[in-house]
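J.: Quick one, structure-v1.txt (compact mmCIF, C-alpha atoms):
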```txt
# COMPACT_ATOMS: atom_id res chain seq x y z
CA MET A 1 0.00 0.00 0.00
CA SER A 2 1.45 3.38 -0.96
CA GLU A 3 1.60 6.00 1.77
CA ARG A 4 0.16 9.41 0.99
CA LYS A 5 2.55 12.14 2.07
CA THR A 6 1.01 15.15 3.78
CA THR A 7 2.49 18.24 5.38
CA ASN A 8 0.62 19.63 8.36
CA VAL A 9 0.42 23.17 9.74
CA GLU A 10 -1.57 23.90 12.91
CA VAL A 11 -2.78 27.19 14.35
CA ARG A 12 -4.71 27.83 17.56
CA LEU A 13 -6.88 30.91 17.71
CA PRO A 14 -8.48 32.62 20.70
CA SER A 15 -12.28 32.67 20.46
CA ARG A 16 -12.37 36.36 19.63
CA MET A 17 -13.79 37.86 16.46
CA GLY A 18 -11.11 39.11 14.11
CA PHE A 19 -8.67 36.27 14.79
CA GLU A 20 -10.19 34.34 11.87
CA LYS A 21 -7.90 36.54 9.76
CA VAL A 22 -4.85 34.77 11.24
CA ALA A 23 -6.17 31.42 10.00
CA MET A 24 -7.13 32.99 6.69
CA SER A 25 -3.60 34.36 6.14
CA THR A 26 -1.99 31.06 7.17
CA ALA A 27 -4.22 29.06 4.81
CA ALA A 28 -3.47 31.51 1.99
CA SER A 29 0.30 31.20 2.58
CA VAL A 30 0.13 27.38 2.50
CA ALA A 31 -2.08 27.40 -0.62
CA LYS A 32 0.30 29.78 -2.42
CA LEU A 33 3.27 27.54 -1.55
CA MET A 34 1.31 24.60 -2.99
CA GLY A 35 0.75 26.46 -6.26
CA PHE A 36 -2.97 27.23 -6.08
CA ARG A 37 -4.25 29.81 -8.53
CA ASP A 38 -4.98 33.26 -7.06
CA ASP A 39 -8.76 32.91 -7.47
CA ARG A 40 -8.74 29.60 -5.57
CA VAL A 41 -6.64 31.15 -2.80
CA GLU A 42 -9.33 33.83 -2.44
CA ASP A 43 -12.05 31.13 -2.32
CA LEU A 44 -10.11 29.31 0.38
CA LYS A 45 -9.55 32.49 2.42
CA THR A 46 -13.27 33.25 2.57
CA ALA A 47 -14.21 29.62 3.36
CA VAL A 48 -11.62 29.36 6.17
CA ALA A 49 -12.61 32.74 7.60
CA GLU A 50 -16.30 31.76 7.67
CA ALA A 51 -15.53 28.36 9.27
CA CYS A 52 -13.48 30.09 11.98
CA ILE A 53 -16.17 32.73 12.59
CA ASN A 54 -18.75 29.96 13.08
CA ALA A 55 -16.39 28.15 15.47
CA ILE A 56 -15.63 31.32 17.47
CA GLU A 57 -19.19 32.63 17.61
CA HIS A 58 -21.39 29.52 17.67
CA GLY A 59 -19.09 26.64 18.63
CA ASN A 60 -17.15 28.35 21.42
CA GLN A 61 -19.75 31.09 21.99
CA LEU A 62 -17.04 33.80 22.14
CA ASN A 63 -15.59 32.21 25.29
CA GLU A 64 -11.98 33.40 25.21
CA LYS A 65 -10.92 30.59 27.57
CA LEU A 66 -11.57 28.23 24.66
CA SER A 67 -9.51 28.10 21.50
CA VAL A 68 -10.28 27.17 17.93
CA GLY A 69 -7.92 24.70 16.28
CA VAL A 70 -7.11 25.03 12.60
CA ILE A 71 -5.26 22.09 11.03
CA LEU A 72 -4.07 22.40 7.46
CA SER A 73 -2.98 19.20 5.70
CA ALA A 74 -1.31 19.70 2.35
CA SER A 75 -0.98 16.76 -0.03
CA ALA A 76 -0.06 16.37 -3.68
CA ASP A 77 -3.59 16.88 -4.92
CA GLY A 78 -5.04 19.43 -2.54
CA LEU A 79 -5.40 21.04 0.85
CA GLU A 80 -7.62 19.85 3.69
CA VAL A 81 -8.53 22.27 6.49
CA LYS A 82 -10.14 21.17 9.76
CA VAL A 83 -11.54 23.87 12.05
CA VAL A 84 -12.18 22.42 15.50
CA ASP A 85 -14.23 23.95 18.33
CA ASN A 86 -15.75 22.86 21.64
CA GLY A 87 -19.36 23.14 20.54
CA GLU A 88 -21.97 20.51 19.80
CA GLY A 89 -21.92 21.00 16.05
CA ILE A 90 -24.98 21.43 13.89
CA SER A 91 -27.88 19.00 13.82
CA LYS A 92 -28.98 19.92 10.31
CA GLN A 93 -27.87 22.15 7.48
CA PRO A 94 -29.61 25.53 7.38
CA PRO A 95 -31.62 26.23 4.22
CA LYS A 96 -29.92 27.99 1.33
CA PRO A 97 -30.11 31.77 1.91
CA ASP A 98 -32.87 33.48 -0.05
CA ILE A 99 -31.99 37.07 -1.00
CA ASP A 100 -35.64 38.01 -1.64
CA ARG A 101 -36.69 36.85 1.83
CA LYS A 102 -33.71 38.66 3.37
CA VAL A 103 -34.38 41.96 1.59
CA HIS A 104 -38.07 41.75 2.50
CA GLY A 105 -37.29 41.16 6.19
CA GLU A 106 -38.57 37.57 6.24
CA GLU A 107 -35.14 36.05 6.95
CA ASP A 108 -32.14 37.21 9.02
CA PRO A 109 -29.87 39.29 6.74
CA ARG A 110 -26.91 37.36 8.17
CA GLY A 111 -26.53 33.57 7.99
CA MET A 112 -24.56 33.23 4.77
CA GLY A 113 -21.44 31.56 6.23
CA MET A 114 -22.20 27.88 5.66
CA PHE A 115 -23.60 28.58 2.22
CA LEU A 116 -20.41 30.41 1.21
CA ILE A 117 -18.20 27.63 2.56
CA GLN A 118 -20.05 24.99 0.56
CA ALA A 119 -20.08 27.13 -2.57
CA LEU A 120 -16.37 27.98 -2.50
CA VAL A 121 -14.60 24.70 -1.72
CA ASP A 122 -14.69 21.26 -3.33
CA GLU A 123 -15.78 19.38 -0.18
CA ALA A 124 -17.27 20.56 3.11
CA GLU A 125 -18.54 18.42 5.96
CA TRP A 126 -19.57 19.22 9.50
CA VAL A 127 -18.67 16.51 12.01
CA HIS A 128 -19.79 16.11 15.61
CA ASP A 129 -17.46 14.13 17.85
CA SER A 130 -19.72 11.65 19.66
CA LYS A 131 -17.13 11.33 22.48
CA GLY A 132 -17.86 14.91 23.48
CA ASN A 133 -14.51 16.23 22.31
CA GLY A 134 -16.02 19.02 20.25
CA SER A 135 -16.93 19.35 16.62
CA TYR A 136 -15.16 20.25 13.46
CA VAL A 137 -15.76 21.36 9.93
CA ARG A 138 -13.59 19.76 7.28
CA LEU A 139 -12.92 21.59 4.03
CA VAL A 140 -11.06 20.30 0.99
CA ILE A 141 -9.87 22.39 -1.92
CA ARG A 142 -8.17 20.58 -4.78
CA LEU A 143 -5.35 21.77 -6.96
CA ASP A 144 -6.21 22.66 -10.56
CA ARG A 145 -9.95 22.71 -10.11
CA GLU A 146 -12.30 25.62 -10.55
CA SER A 147 -15.04 26.21 -7.98
CA GLU A 148 -18.46 24.87 -8.98
CA PHE A 149 -19.69 28.47 -9.20
CA ASP A 150 -16.95 29.45 -11.67
CA LYS A 151 -17.71 26.42 -13.83
CA GLU A 152 -21.42 27.22 -13.89
CA SER A 153 -20.73 30.89 -14.69
CA LYS A 154 -18.95 30.01 -17.96
CA MET B 1 -7.53 42.61 15.70
CA GLN B 2 -10.25 43.70 13.29
CA THR B 3 -9.34 46.57 10.99
CA GLU B 4 -11.40 49.65 11.60
CA THR B 5 -14.04 50.54 9.02
CA ARG B 6 -14.15 54.13 7.83
CA THR B 7 -17.15 55.29 5.85
CA THR B 8 -17.16 58.65 4.13
CA ILE B 9 -19.93 60.16 2.03
CA ASP B 10 -19.63 62.54 -0.85
CA ARG B 11 -21.96 63.58 -3.61
CA THR B 12 -21.69 63.51 -7.36
CA THR B 13 -24.00 64.43 -10.22
CA THR B 14 -24.66 62.35 -13.32
CA SER B 15 -24.45 63.83 -16.81
CA GLY B 16 -28.24 63.90 -16.69
CA GLY B 17 -28.15 66.11 -13.60
CA THR B 18 -29.17 63.50 -11.01
CA SER B 19 -27.56 63.99 -7.59
CA ILE B 20 -26.07 60.78 -6.15
CA SER B 21 -24.64 59.99 -2.70
CA VAL B 22 -21.42 57.95 -2.74
CA MET B 23 -20.61 55.90 0.38
CA ARG B 24 -16.90 55.04 0.37
CA PHE B 25 -15.73 52.26 2.68
CA THR B 26 -12.15 51.72 3.86
CA GLY B 27 -10.88 48.74 5.91
CA ASP B 28 -12.82 45.58 6.72
CA ILE B 29 -16.57 45.08 6.47
CA SER B 30 -17.47 42.73 9.32
CA SER B 31 -19.64 42.61 12.45
CA ALA B 32 -17.42 45.32 13.95
CA SER B 33 -18.43 47.69 11.11
CA LYS B 34 -22.10 47.99 12.09
CA GLU B 35 -21.91 51.46 13.60
CA SER B 36 -19.75 52.90 10.82
CA VAL B 37 -21.73 51.39 7.93
CA LEU B 38 -25.31 51.69 9.19
CA GLY B 39 -24.61 55.02 10.89
CA ALA B 40 -23.47 56.47 7.58
CA TRP B 41 -26.37 54.84 5.78
CA GLN B 42 -28.83 56.73 7.97
CA THR B 43 -27.55 60.02 6.55
CA VAL B 44 -28.35 58.97 2.96
CA SER B 45 -31.34 56.71 3.58
CA GLY B 46 -34.41 57.89 1.68
CA ASN B 47 -32.40 60.65 0.01
CA GLY B 48 -31.93 59.70 -3.66
CA PRO B 49 -29.74 57.13 -5.40
CA VAL B 50 -26.65 55.74 -3.65
CA LEU B 51 -23.36 54.28 -4.83
CA LEU B 52 -21.40 51.93 -2.56
CA ASP B 53 -17.63 52.13 -3.17
CA PHE B 54 -15.65 49.04 -2.07
CA SER B 55 -12.41 49.89 -3.89
CA LYS B 56 -10.50 50.31 -0.59
CA VAL B 57 -11.95 47.22 1.11
CA GLU B 58 -9.89 44.03 1.32
CA TYR B 59 -11.97 41.82 3.62
CA ILE B 60 -15.73 41.32 3.75
CA ASN B 61 -17.23 38.47 5.76
CA SER B 62 -20.77 37.12 6.05
CA SER B 63 -21.59 39.57 8.86
CA GLY B 64 -20.45 42.41 6.58
CA ILE B 65 -22.63 41.05 3.79
CA GLY B 66 -25.48 41.09 6.32
CA LEU B 67 -24.91 44.83 6.85
CA ILE B 68 -25.03 45.45 3.10
CA ILE B 69 -28.29 43.49 2.88
CA THR B 70 -29.68 45.60 5.74
CA MET B 71 -28.99 48.74 3.66
CA LEU B 72 -30.65 47.11 0.65
CA MET B 73 -33.70 46.25 2.80
CA GLU B 74 -34.15 49.89 3.72
CA ALA B 75 -33.50 51.05 0.16
CA ASP B 76 -36.06 48.59 -1.17
CA LYS B 77 -38.68 49.85 1.28
CA SER B 78 -38.22 53.46 0.17
CA GLY B 79 -37.69 52.70 -3.53
CA GLN B 80 -34.15 54.05 -3.37
CA LYS B 81 -31.75 52.84 -6.10
CA VAL B 82 -28.37 51.43 -5.06
CA ALA B 83 -25.36 50.40 -7.19
CA VAL B 84 -22.02 48.92 -6.16
CA PHE B 85 -18.54 49.38 -7.61
CA GLY B 86 -14.88 48.69 -6.82
CA LEU B 87 -15.23 45.08 -5.67
CA THR B 88 -12.33 42.68 -6.25
CA PRO B 89 -13.17 39.87 -8.70
CA HIS B 90 -13.52 37.49 -5.71
CA PHE B 91 -16.04 39.64 -3.86
CA GLN B 92 -17.87 40.38 -7.11
CA LYS B 93 -18.32 36.60 -7.32
CA VAL B 94 -19.40 36.32 -3.67
CA PHE B 95 -21.95 39.15 -4.04
CA THR B 96 -23.32 37.42 -7.15
CA MET B 97 -23.50 34.07 -5.32
CA VAL B 98 -25.60 35.48 -2.49
CA GLY B 99 -27.88 37.37 -4.87
CA ILE B 100 -26.96 40.97 -4.02
CA GLY B 101 -26.74 41.74 -7.74
CA LYS B 102 -30.52 41.39 -7.93
CA TYR B 103 -30.99 44.46 -5.72
CA ALA B 104 -27.85 46.50 -6.49
CA GLY B 105 -26.03 46.49 -9.80
CA LEU B 106 -22.38 45.41 -9.51
CA HIS B 107 -20.09 47.62 -11.59
CA LYS B 108 -16.39 47.95 -12.28
CA ASP B 109 -16.05 51.68 -11.58
CA GLN B 110 -17.91 54.76 -10.35
CA GLU B 111 -18.66 56.04 -13.84
CA THR B 112 -20.50 52.92 -15.01
CA ALA B 113 -22.22 52.52 -11.63
CA ALA B 114 -23.47 56.14 -11.70
CA ALA B 115 -24.67 55.76 -15.29
CA SER B 116 -26.79 52.76 -14.23
CA LEU B 117 -28.86 54.76 -11.74
```
So, in terms of structure tokens, how does the structure I just supplied come out?

T.:
Amino acid sequence: MSERKTTNVEVRLPSRMGFEKVAMSTAASVAKLMGFRDDRVEDLKTAVAEACINAIEHGNQLNEKLSVGVILSASADGLEVKVVDNGEGISKQPPKPDIDRKVHGEEDPRGMGMFLIQALVDEAEWVHDSKGNGSYVRLVIRLDRESEFDKESK
Amino acid sequence: MQTETRTTIDRTTTSGGTSISVMRFTGDISSASKESVLGAWQTVSGNGPVLLDFSKVEYINSSGIGLIITMLMEADKSGQKVAVFGLTPHFQKVFTMVGIGKYAGLHKDQETAAASL
């Protein structure tokens, strides 16, 4: 069996808004070293920032005694990012945001984070650790692939 | 840690003589921008067409998008026209993904944005 070589980078963030930018910059640096195109680096930055914001705000409820773990695993074909918090995770995916309902006050104008994550990366899954060790979101962005949105826009 | 948001407002006039307010944002647009963005919006709300200038903004997150949608909600209620310019290609894509383009035209520069109003 061939072993798949990965290179890992880990960052721990305080649960304070704004620190998602540290994870965003780190992910961008790793992606650039791996040779990702600029547009995919931008997709990754937004997806990582939104995952960290969710972990800080909802997972760890802005409790600065808790930290958010960000684990980047680079391999030959892509980059996996796990964002780990102490929360209970999500029980079900929220519905796709509806701009008409938002503009007409029928839906919270916020609540776009999970939608953006799913739209901008190649894989996104939200995992709850049944042993009570927290939850994580796992994102994968592959080298030499356009986002689904960019493909559909052509 | 979050970069401060500065919002300035100036006015311009189209070749057709229409007076337009231009809200120019600098810094990040995030949850910390609420006072700066919505405070400035109150001074132009209900007062003719508005351009939103993002040419000096590098980071917008989902909370920031929520603030922009809040401005569009108020504009929609009062029938006020809004157009956007100066977004990076990435945020132009993000704004299109979330549907903002349906309520505010997304333009490359101030001239084309003003001409659309």

J.: If we count all atoms listed in the file and set the cut-off at 9 Å, which residues sit around B:Phe95, ignoring sequence neighbours fewer than 6 positions away in its own chain? Please answer as an MDAnalysis selection string.

T.: chainID B and resid 65 101 106

J.: Do you have, as CSV, the list of residues of chain B lying at most 7 Å from chain A, each with its nearest atom pair and that distance in Å to one decimal, counting all atoms listed in the file and ordered by chain then number?

T.:
```
residue,atom,partner,partner_atom,distance
B:Met1,CA,A:Gly18,CA,5.3
B:Gln2,CA,A:Gly18,CA,4.7
B:Ser62,CA,A:Met112,CA,5.6
B:Ser63,CA,A:Arg110,CA,5.8
B:Gly66,CA,A:Arg110,CA,4.4
B:Ile69,CA,A:Pro109,CA,5.9
B:Thr70,CA,A:Pro109,CA,6.4
B:Leu72,CA,A:Val103,CA,6.4
B:Met73,CA,A:Val103,CA,4.5
B:His90,CA,A:Glu42,CA,6.5
B:Val98,CA,A:Ile99,CA,6.8
B:Gly99,CA,A:Ile99,CA,5.7
```

J.: When you count only C-alpha atoms, which of these residues is closest to B:Ile100: B:Ile68, B:Phe85, B:Gly79, B:Thr43?

T.: B:Ile68

J.: Counting all atoms listed in the file, which residue out of A:Ser73, A:Val30, A:Leu44, A:Met24 sits closest to A:Asn8?

T.: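 Between A:Ser73, A:Val30, A:Leu44, A:Met24, the residue approaching A:Asn8 most closely is A:Ser73.
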
J.: I want to know what sits within 10 Å of A:Glu57, based on only C-alpha atoms, with residues of the same chain fewer than 5 positions away left out; could you give that as number ranges by chain?

T.: A: 15-17, 52, 62-63, 87
